[in-house]
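K.L.:
Sharing target_22.tsv below, TSV, C-alpha atoms:
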chain	number	residue	atom	x	y	z
Z	1	MET	CA	-10.04	0.94	31.54
Z	2	GLU	CA	-10.77	-2.36	29.92
Z	3	VAL	CA	-10.51	-0.82	26.48
Z	4	ILE	CA	-6.99	0.41	27.20
Z	5	ILE	CA	-5.94	-3.06	28.27
Z	6	LEU	CA	-7.32	-4.52	25.08
Z	7	GLU	CA	-5.56	-1.97	22.92
Z	8	ASN	CA	-2.26	-2.84	24.51
Z	9	LEU	CA	-3.06	-6.46	23.93
Z	10	THR	CA	-3.52	-5.82	20.22
Z	11	GLU	CA	-0.10	-4.19	19.94
Z	12	MET	CA	1.47	-7.17	21.69
Z	13	PHE	CA	-0.53	-9.64	19.68
Z	14	LYS	CA	0.20	-8.15	16.27
Z	15	GLY	CA	3.53	-9.89	15.84
Z	16	LEU	CA	1.94	-13.22	16.68
Z	17	LEU	CA	-1.02	-12.80	14.40
Z	18	GLU	CA	0.63	-14.35	11.37
Z	19	GLY	CA	1.36	-17.56	13.28
Z	20	CYS	CA	-2.16	-17.65	14.69
Z	21	ILE	CA	-3.66	-17.28	11.23
Z	22	LEU	CA	-1.42	-20.04	9.88
Z	23	GLU	CA	-2.66	-22.22	12.73
Z	24	ILE	CA	-6.30	-21.46	11.92
Z	25	ILE	CA	-5.75	-22.22	8.24
Z	26	SER	CA	-4.01	-25.48	9.12
Z	27	GLY	CA	-7.35	-26.62	10.52
Z	28	GLY	CA	-8.73	-26.79	6.98
Z	29	GLU	CA	-9.76	-24.60	4.11
Z	30	THR	CA	-11.07	-21.24	5.28
Z	31	TYR	CA	-11.51	-17.61	4.21
Z	32	GLY	CA	-10.70	-14.15	5.52
Z	33	TYR	CA	-13.87	-13.09	7.28
Z	34	LYS	CA	-14.19	-16.48	8.95
Z	35	ILE	CA	-10.66	-16.20	10.31
Z	36	THR	CA	-11.48	-12.80	11.82
Z	37	ARG	CA	-14.59	-14.22	13.47
Z	38	ARG	CA	-12.58	-17.05	14.95
Z	39	LEU	CA	-10.02	-14.64	16.43
Z	40	ASN	CA	-12.77	-12.35	17.73
Z	41	ALA	CA	-14.54	-15.28	19.35
Z	42	LEU	CA	-11.28	-16.33	20.95
Z	43	GLY	CA	-11.19	-12.97	22.73
Z	44	PHE	CA	-9.10	-10.88	20.36
Z	45	THR	CA	-12.00	-8.58	19.78
Z	46	ASP	CA	-9.95	-5.74	18.31
Z	47	VAL	CA	-8.74	-7.70	15.32
Z	48	VAL	CA	-10.52	-6.42	12.20
Z	49	ASP	CA	-10.98	-8.00	8.78
Z	50	GLY	CA	-8.58	-5.54	7.20
Z	51	THR	CA	-5.75	-6.65	9.47
Z	52	VAL	CA	-6.39	-10.29	8.69
Z	53	TYR	CA	-6.53	-9.41	5.01
Z	54	THR	CA	-3.10	-7.75	5.06
Z	55	ILE	CA	-1.62	-10.89	6.60
Z	56	LEU	CA	-3.34	-13.15	4.07
Z	57	VAL	CA	-1.86	-11.03	1.28
Z	58	ARG	CA	1.57	-11.53	2.81
Z	59	LEU	CA	1.08	-15.29	3.22
Z	60	GLU	CA	0.10	-15.44	-0.43
Z	61	LYS	CA	3.08	-13.39	-1.51
Z	62	ASN	CA	5.44	-15.59	0.47
Z	63	LYS	CA	3.79	-18.68	-1.05
Z	64	LEU	CA	2.81	-20.24	2.25
Z	65	VAL	CA	-0.79	-20.89	1.19
Z	66	ASP	CA	-2.66	-22.25	-1.79
Z	67	ILE	CA	-5.68	-20.31	-2.90
Z	68	GLU	CA	-8.89	-21.18	-4.63
Z	69	LYS	CA	-11.55	-18.69	-5.63
Z	70	LYS	CA	-15.06	-20.04	-5.19
Z	71	PRO	CA	-18.49	-18.51	-5.56
Z	72	SER	CA	-20.17	-17.72	-2.27
Z	73	ASP	CA	-23.84	-17.87	-1.43
Z	74	MET	CA	-23.61	-14.27	-0.36
Z	75	GLY	CA	-21.75	-11.49	-2.11
Z	76	PRO	CA	-18.75	-11.83	-4.44
Z	77	PRO	CA	-16.61	-14.96	-4.96
Z	78	ARG	CA	-14.39	-15.74	-2.02
Z	79	LYS	CA	-10.75	-16.68	-1.80
Z	80	PHE	CA	-10.28	-19.89	0.15
Z	81	TYR	CA	-6.94	-20.62	1.75
Z	82	VAL	CA	-5.17	-23.90	2.53
Z	83	LEU	CA	-1.69	-24.38	3.94
Z	84	ASN	CA	0.95	-25.83	1.61
Z	85	ASP	CA	4.20	-27.53	2.64
Z	86	ALA	CA	6.09	-24.29	3.04
Z	87	GLY	CA	3.22	-22.97	5.17
Z	88	ARG	CA	3.30	-26.04	7.38
Z	89	ARG	CA	7.03	-25.62	7.92
Z	90	GLU	CA	6.51	-21.95	8.75
Z	91	LEU	CA	3.79	-22.86	11.24
Z	92	GLN	CA	6.00	-25.44	12.91
Z	93	GLN	CA	8.72	-22.85	13.27
Z	94	PHE	CA	6.23	-20.43	14.72
Z	95	TRP	CA	5.28	-22.88	17.45
Z	96	GLU	CA	8.94	-23.60	18.19
Z	97	LYS	CA	9.66	-19.92	18.52
Z	98	TRP	CA	6.59	-19.41	20.64
Z	99	ALA	CA	7.53	-22.29	22.94
Z	100	PHE	CA	10.94	-20.74	23.42
Z	101	VAL	CA	9.69	-17.21	24.04
Z	102	SER	CA	6.88	-18.18	26.37
Z	103	SER	CA	9.00	-20.57	28.41
Z	104	LYS	CA	11.72	-17.96	28.78
Z	105	ILE	CA	9.27	-15.27	29.77
Z	106	ASN	CA	7.70	-17.55	32.36
Z	107	GLU	CA	11.12	-18.44	33.63
Z	108	LEU	CA	11.87	-14.78	34.02
Z	109	LYS	CA	8.71	-14.28	35.99
Z	110	GLU	CA	9.19	-17.26	38.27
Z	111	THR	CA	12.87	-17.17	39.09
Z	112	LYS	CA	13.66	-14.64	41.75
Z	113	PRO	CA	17.18	-13.23	41.59
U	114	MET	CA	3.66	-2.16	-16.74
U	115	LYS	CA	3.09	1.46	-15.96
U	116	ILE	CA	0.36	3.18	-14.07
U	117	GLN	CA	-0.50	4.85	-17.33
U	118	ASP	CA	-1.16	1.48	-18.94
U	119	ILE	CA	-3.28	0.44	-16.02
U	120	ILE	CA	-5.38	3.55	-16.00
U	121	GLU	CA	-5.71	4.18	-19.70
U	122	GLY	CA	-5.82	0.49	-20.50
U	123	LYS	CA	-8.18	0.51	-20.06
U	124	LYS	CA	-10.67	-2.26	-19.97
U	125	GLU	CA	-9.34	-3.79	-16.82
U	126	TRP	CA	-9.08	-0.47	-15.05
U	127	ARG	CA	-12.53	0.66	-16.17
U	128	ALA	CA	-14.01	-2.59	-14.90
U	129	HIS	CA	-12.18	-2.07	-11.65
U	130	MET	CA	-13.45	1.49	-11.20
U	131	ALA	CA	-16.96	0.34	-12.07
U	132	ARG	CA	-16.78	-2.04	-9.12
U	133	VAL	CA	-15.62	0.81	-6.91
U	134	LYS	CA	-18.56	2.96	-8.03
U	135	ALA	CA	-20.96	0.15	-7.15
U	136	LEU	CA	-19.85	0.24	-3.51
U	137	PRO	CA	-21.84	2.20	-0.91
U	138	GLN	CA	-20.75	5.81	-0.49
U	139	ASP	CA	-18.76	5.27	2.72
U	140	TYR	CA	-16.81	2.44	1.19
U	141	GLN	CA	-16.10	4.52	-1.92
U	142	ILE	CA	-14.75	7.38	0.15
U	143	VAL	CA	-12.35	5.13	2.01
U	144	TYR	CA	-11.32	3.30	-1.13
U	145	LYS	CA	-10.48	6.52	-2.95
U	146	GLU	CA	-8.43	7.88	-0.07
U	147	ILE	CA	-6.53	4.61	0.12
U	148	GLN	CA	-5.82	4.69	-3.60
U	149	LYS	CA	-4.56	8.24	-3.34
U	150	TYR	CA	-2.24	7.28	-0.51
U	151	LEU	CA	-0.88	4.25	-2.35
U	152	PHE	CA	-0.23	6.28	-5.50
U	153	LYS	CA	1.87	8.65	-3.42
U	154	VAL	CA	3.83	6.00	-1.58
U	155	GLY	CA	4.33	4.07	-4.83
U	156	PRO	CA	4.78	0.39	-3.94
U	157	VAL	CA	5.95	-1.51	-7.02
U	158	GLU	CA	2.96	-3.87	-6.78
U	159	LEU	CA	0.82	-0.97	-7.90
U	160	THR	CA	2.07	-1.37	-11.44
U	161	GLU	CA	2.19	-5.14	-11.51
U	162	GLY	CA	-1.47	-5.29	-12.43
U	163	THR	CA	-4.54	-4.23	-10.53
U	164	GLU	CA	-4.30	-6.97	-7.94
U	165	LEU	CA	-3.28	-4.80	-5.01
U	166	LEU	CA	-6.22	-2.46	-5.59
U	167	SER	CA	-8.76	-5.03	-6.74
U	168	GLY	CA	-7.96	-7.11	-3.65
U	169	ILE	CA	-9.15	-4.20	-1.54
U	170	VAL	CA	-12.36	-4.05	-3.55
U	171	ASP	CA	-12.84	-7.81	-3.00
U	172	LEU	CA	-12.45	-7.24	0.71
U	173	PHE	CA	-14.87	-4.31	0.66
U	174	GLU	CA	-17.51	-6.09	-1.40
U	175	GLU	CA	-17.57	-8.91	1.06
U	176	GLY	CA	-17.80	-6.43	3.95
U	177	VAL	CA	-20.80	-4.85	2.25
U	178	ALA	CA	-22.42	-8.25	1.74
U	179	LEU	CA	-22.01	-8.95	5.45
U	180	GLY	CA	-23.59	-5.60	6.33
U	181	LYS	CA	-20.45	-4.21	7.98
U	182	GLY	CA	-19.44	-0.58	8.13
U	183	VAL	CA	-16.29	0.29	6.22
U	184	LEU	CA	-14.26	1.19	9.30
U	185	GLU	CA	-15.26	-2.09	10.90
U	186	VAL	CA	-13.50	-3.71	7.99
U	187	THR	CA	-10.35	-1.59	7.83
U	188	GLY	CA	-10.13	-0.57	11.45
U	189	ARG	CA	-10.19	3.10	12.42
U	190	ASP	CA	-6.57	3.62	11.48
U	191	VAL	CA	-6.83	3.26	7.73
U	192	ALA	CA	-3.23	4.39	7.24
U	193	ALA	CA	-2.06	1.49	9.39
U	194	PHE	CA	-4.12	-0.84	7.22
U	195	CYS	CA	-2.40	0.52	4.11
U	196	ASP	CA	1.05	0.28	5.62
U	197	ASP	CA	0.44	-3.31	6.70
U	198	LEU	CA	-0.70	-4.05	3.21
U	199	ILE	CA	2.56	-2.90	1.63
U	200	LYS	CA	4.84	-3.72	4.53
U	201	ASP	CA	7.29	-5.87	2.57
U	202	SER	CA	6.94	-3.94	-0.67
U	203	LYS	CA	9.66	-1.98	-2.34
U	204	THR	CA	8.60	1.47	-3.40
U	205	TYR	CA	9.77	3.41	-6.42
U	206	ALA	CA	11.37	5.83	-4.01
U	207	ASP	CA	13.45	2.95	-2.58
U	208	ILE	CA	14.59	1.95	-6.04
U	209	TYR	CA	15.41	5.53	-6.89
U	210	GLN	CA	17.45	6.01	-3.72
U	211	ALA	CA	19.35	2.79	-4.34
U	212	SER	CA	20.28	4.00	-7.82
U	213	VAL	CA	21.42	7.34	-6.45
U	214	ALA	CA	23.62	5.60	-3.89
U	215	GLN	CA	25.10	3.48	-6.64
U	216	GLU	CA	25.87	6.48	-8.82
U	217	VAL	CA	27.52	8.25	-5.92
U	218	ASN	CA	29.60	5.17	-5.20
U	219	GLN	CA	30.79	4.95	-8.77
U	220	ALA	CA	31.63	8.61	-8.84
U	221	MET	CA	33.65	8.22	-5.66
U	222	LYS	CA	35.58	5.32	-7.13
U	223	LYS	CA	36.42	7.37	-10.19
U	224	ILE	CA	37.73	10.15	-8.02
U	225	ALA	CA	39.76	7.69	-5.97
U	226	LYS	CA	41.42	6.35	-9.12
U	227	THR	CA	42.57	9.69	-10.45
K	228	MET	CA	18.17	24.06	-20.82
K	229	THR	CA	14.79	22.65	-20.06
K	230	PHE	CA	14.05	20.05	-17.45
K	231	TRP	CA	13.37	17.54	-20.14
K	232	GLU	CA	16.53	18.18	-22.15
K	233	LYS	CA	18.51	17.85	-18.99
K	234	ILE	CA	17.23	14.48	-17.94
K	235	THR	CA	16.65	13.09	-21.36
K	236	GLY	CA	18.73	10.16	-22.35
K	237	ASN	CA	17.17	10.00	-25.81
K	238	ASP	CA	15.24	6.76	-25.44
K	239	MET	CA	13.56	8.39	-22.51
K	240	THR	CA	12.37	11.24	-24.66
K	241	LYS	CA	9.39	9.39	-25.95
K	242	GLU	CA	8.25	8.47	-22.51
K	243	LEU	CA	8.58	12.07	-21.40
K	244	GLN	CA	6.56	13.24	-24.37
K	245	THR	CA	3.72	10.95	-23.42
K	246	PHE	CA	3.93	12.34	-19.89
K	247	GLU	CA	3.52	15.83	-21.32
K	248	SER	CA	0.58	14.93	-23.50
K	249	ARG	CA	-1.07	13.30	-20.50
K	250	ALA	CA	-0.41	16.39	-18.40
K	251	GLN	CA	-2.03	18.60	-21.03
K	252	LYS	CA	-5.31	16.82	-20.51
K	253	LEU	CA	-5.38	17.79	-16.83
K	254	PRO	CA	-7.35	20.76	-15.47
K	255	LYS	CA	-5.44	24.05	-15.25
K	256	ASP	CA	-4.69	23.95	-11.51
K	257	TYR	CA	-3.46	20.39	-11.86
K	258	GLN	CA	-1.21	21.40	-14.73
K	259	ALA	CA	0.29	24.14	-12.61
K	260	ALA	CA	0.98	21.62	-9.87
K	261	TRP	CA	2.60	19.27	-12.39
K	262	GLU	CA	4.92	22.06	-13.51
K	263	LYS	CA	5.91	22.70	-9.91
K	264	ILE	CA	6.54	19.03	-9.28
K	265	LYS	CA	8.79	18.79	-12.30
K	266	ALA	CA	10.73	21.84	-11.19
K	267	ASP	CA	11.17	20.35	-7.75
K	268	LEU	CA	12.34	17.03	-9.07
K	269	TRP	CA	14.88	18.73	-11.31
K	270	PRO	CA	17.77	18.58	-8.83
K	271	HIS	CA	17.18	14.84	-8.63
K	272	SER	CA	17.63	14.39	-12.32
K	273	ASP	CA	21.39	14.87	-12.62
K	274	PHE	CA	21.91	11.17	-12.65
K	275	THR	CA	19.45	8.34	-12.75
K	276	GLY	CA	16.73	10.05	-14.74
K	277	ARG	CA	15.53	6.62	-15.70
K	278	ASN	CA	14.60	5.69	-12.17
K	279	LEU	CA	12.66	8.89	-11.90
K	280	MET	CA	10.33	7.69	-14.65
K	281	PRO	CA	8.13	5.35	-12.60
K	282	ILE	CA	7.85	8.05	-9.96
K	283	LEU	CA	6.71	10.64	-12.50
K	284	ASP	CA	4.35	8.07	-13.96
K	285	GLY	CA	2.91	7.48	-10.49
K	286	VAL	CA	2.38	11.17	-9.81
K	287	LEU	CA	0.63	11.63	-13.12
K	288	GLY	CA	-1.59	8.66	-12.33
K	289	LEU	CA	-2.44	10.22	-9.00
K	290	LEU	CA	-3.25	13.55	-10.65
K	291	GLU	CA	-5.31	11.95	-13.40
K	292	GLU	CA	-7.40	9.85	-11.07
K	293	THR	CA	-8.05	12.58	-8.54
K	294	ALA	CA	-8.83	15.15	-11.24
K	295	ALA	CA	-11.31	12.72	-12.80
K	296	ASP	CA	-12.83	12.37	-9.37
K	297	GLY	CA	-13.33	16.12	-9.11
K	298	GLN	CA	-11.03	16.67	-6.16
K	299	ARG	CA	-9.13	19.89	-5.66
K	300	VAL	CA	-5.44	19.60	-6.38
K	301	GLN	CA	-4.56	21.07	-3.01
K	302	GLU	CA	-6.46	18.33	-1.30
K	303	VAL	CA	-4.32	15.83	-3.11
K	304	LEU	CA	-0.87	17.34	-2.77
K	305	GLY	CA	-1.14	19.56	0.28
K	306	ASP	CA	0.48	22.99	0.40
K	307	ASP	CA	4.07	21.86	0.56
K	308	ILE	CA	4.92	20.61	-2.90
K	309	LYS	CA	8.62	20.64	-2.14
K	310	GLY	CA	8.11	18.32	0.80
K	311	PHE	CA	5.78	16.23	-1.29
K	312	CYS	CA	8.47	15.78	-3.92
K	313	SER	CA	11.23	14.85	-1.52
K	314	ALA	CA	8.89	12.25	-0.04
K	315	LEU	CA	8.19	10.97	-3.55
K	316	VAL	CA	11.83	10.24	-4.18
K	317	GLY	CA	12.42	9.01	-0.63
K	318	GLU	CA	14.87	11.70	0.40
K	319	GLU	CA	15.96	12.38	3.91
K	320	GLY	CA	13.02	13.73	5.81
K	321	ALA	CA	10.69	11.68	3.63
K	322	ASN	CA	9.54	9.70	6.63
K	323	ALA	CA	8.20	12.78	8.34
K	324	TYR	CA	6.34	13.64	5.18
K	325	ARG	CA	4.97	10.16	4.80
K	326	ASP	CA	3.64	10.50	8.34
K	327	LYS	CA	1.83	13.56	7.06
K	328	TRP	CA	0.30	11.51	4.24
K	329	ARG	CA	-0.85	9.02	6.85
K	330	GLU	CA	-2.47	11.75	8.89
K	331	GLN	CA	-4.04	13.25	5.79
K	332	LEU	CA	-5.48	9.89	4.86
K	333	ASN	CA	-7.11	9.33	8.23
K	334	ASP	CA	-8.26	12.95	8.58
K	335	ASN	CA	-9.81	13.02	5.11
K	336	ILE	CA	-11.69	9.83	5.83
K	337	ALA	CA	-12.91	11.05	9.21
K	338	LYS	CA	-14.06	14.32	7.66
K	339	LYS	CA	-15.77	12.81	4.65
K	340	LEU	CA	-17.47	10.03	6.57
K	341	ALA	CA	-18.85	12.55	9.04
K	342	LYS	CA	-20.68	14.38	6.25
Can you dump the structure from the file as structure tokens?
P.N.:
Amino acid sequence: MEVIILENLTEMFKGLLEGCILEIISGGETYGYKITRRLNALGFTDVVDGTVYTILVRLEKNKLVDIEKKPSDMGPPRKFYVLNDAGRRELQQFWEKWAFVSSKINELKETKP
Amino acid sequence: MKIQDIIEGKKEWRAHMARVKALPQDYQIVYKEIQKYLFKVGPVELTEGTELLSGIVDLFEEGVALGKGVLEVTGRDVAAFCDDLIKDSKTYADIYQASVAQEVNQAMKKIAKT
Amino acid sequence: MTFWEKITGNDMTKELQTFESRAQKLPKDYQAAWEKIKADLWPHSDFTGRNLMPILDGVLGLLEETAADGQRVQEVLGDDIKGFCSALVGEEGANAYRDKWREQLNDNIAKKLAK
């Protein structure tokens, strides 16, 4: 039962994932696997590295992040991501949109016809 | 750049495939199926260098280093992973269809004039 | 008239010749599949042969890589080459076929990982 609920959650969450990842990156230089761990720890346990990776590729393509490749103590060199100005603007817009959507949805729930 | 150049050319491609062959068996299997799928769908990024494919190998190598299983990395729905990866990409089929539409349009205009 | 003569706009000839010499290096069953693919793409070649080039290039790449990997051609293309080709050029009905590619991808992985 719980699994089904979580799966539905993932579907719902998918559209928000890009904004969430921008938010995580805004907290300072980070890399893909670390972002996944953060989301998993937050409770989004179904988010896998591959999903995060596809979003990072898109952020890169849309030039919302700056990237630096650095050697890692373990395995191959890693790509580190930081937000650039365009990314910060995008993130701000995300939060504005989110504020609108969530307030409207709450309003819907709380106002009885 | 053409796929031919990428594959026959060679040094870059051979180095890329050597990295693939160094992955554990399970990872190799998934990588090869993904590559097959992407060749069929034909996103234009495929021929803009090996970045699309080598990015996947980067991801996989790090997964291996962390001791993860390949499906833990991609998720069970590997096709969804691929589609997310090329979500905003044009494919060669898209370009082809656009050119067909254009030709048809021009032909119609010609007919309209006569 | 051959397929090639029909779609050839002269400067494309050279490219097509390299396609053919690449195809000749493929195993026999792959070559047969290549012939079928060309025949199926023929109706698409009346106009816009040029935009067919990257698609042909992609198919050849697919065939070359999978042949080198020792896979059977059927495993790569499936049984329905016609459907495969209309999906390649993004014709109507291509979406249904792309869904099939998706299924194939996940099924192949499930099967091979289970081994």
K.L.:
Could you check the closest approach to chain U for each of Z:Lys112, Z:Arg89, Z:Lys61, Z:Lys97 and tell me which residue wins, using all atoms listed in the file?
P.N.:
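Smallest separation from chain U among the options: Z:Lys61.
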K.L.:
Residues of chain Z no more than 8 Å from chain U, counting all atoms listed in the file: send them over as a ChimeraX atom specification.
P.N.:
/Z:48-51,53-55,57-58,74-76
K.L.:
What gap, in Å, lies between CA of Leu283 in chain K and CA of Phe246 in chain K?
P.N.:
8.1 Å
K.L.:
Would you write out, as CSV, a table of all residues in chain K that have an atom no more than 8 Å from an atom of chain U, listing for each the closest atom pair and the distance in Å to one decimal, considering all atoms listed in the file and ordering rows by chain and rising residue number?
P.N.:
residue,atom,partner,partner_atom,distance
K:Phe274,CA,U:Glu216,CA,7.2
K:Thr275,CA,U:Ser212,CA,6.6
K:Asn278,CA,U:Tyr209,CA,5.3
K:Leu279,CA,U:Tyr209,CA,6.6
K:Pro281,CA,U:Tyr205,CA,6.7
K:Ile282,CA,U:Tyr205,CA,6.1
K:Asp284,CA,U:Ile116,CA,6.3
K:Gly285,CA,U:Phe152,CA,6.0
K:Val286,CA,U:Lys153,CA,6.9
K:Gly288,CA,U:Ile116,CA,6.1
K:Leu289,CA,U:Phe152,CA,5.7
K:Thr293,CA,U:Lys149,CA,7.6
K:Val303,CA,U:Lys149,CA,7.6
K:Ala314,CA,U:Ala206,CA,7.9
K:Leu315,CA,U:Ala206,CA,6.1
K:Val316,CA,U:Ala206,CA,4.4
K:Gly317,CA,U:Ala206,CA,4.8
K:Glu318,CA,U:Gln210,CA,7.5
K:Arg325,CA,U:Val154,CA,7.7
K:Trp328,CA,U:Tyr150,CA,6.8
K:Arg329,CA,U:Ala192,CA,5.2
K:Glu330,CA,U:Ala192,CA,7.6
K:Leu332,CA,U:Glu146,CA,6.1
K:Asn333,CA,U:Val191,CA,6.1
K:Asn335,CA,U:Glu146,CA,7.4
K:Ile336,CA,U:Val143,CA,6.1
K:Lys339,CA,U:Ile142,CA,7.1
K:Leu340,CA,U:Asp139,CA,6.3
K.L.:
In Å, rounded to a single decimal, give me how far CA of Lys134 in chain U is from CA of Trp261 in chain K.
P.N.:
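If I compute the distance from CA of Trp261 in chain K to CA of Lys134 in chain U, I get 27.1 Å.
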K.L.:
One decimal, Å: what's the distance from CA of Val65 in chain Z over to CA of Gly19 in chain Z, could you say?
P.N.:
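Value for the CA of Val65 in chain Z-CA of Gly19 in chain Z distance: 12.7 Å.
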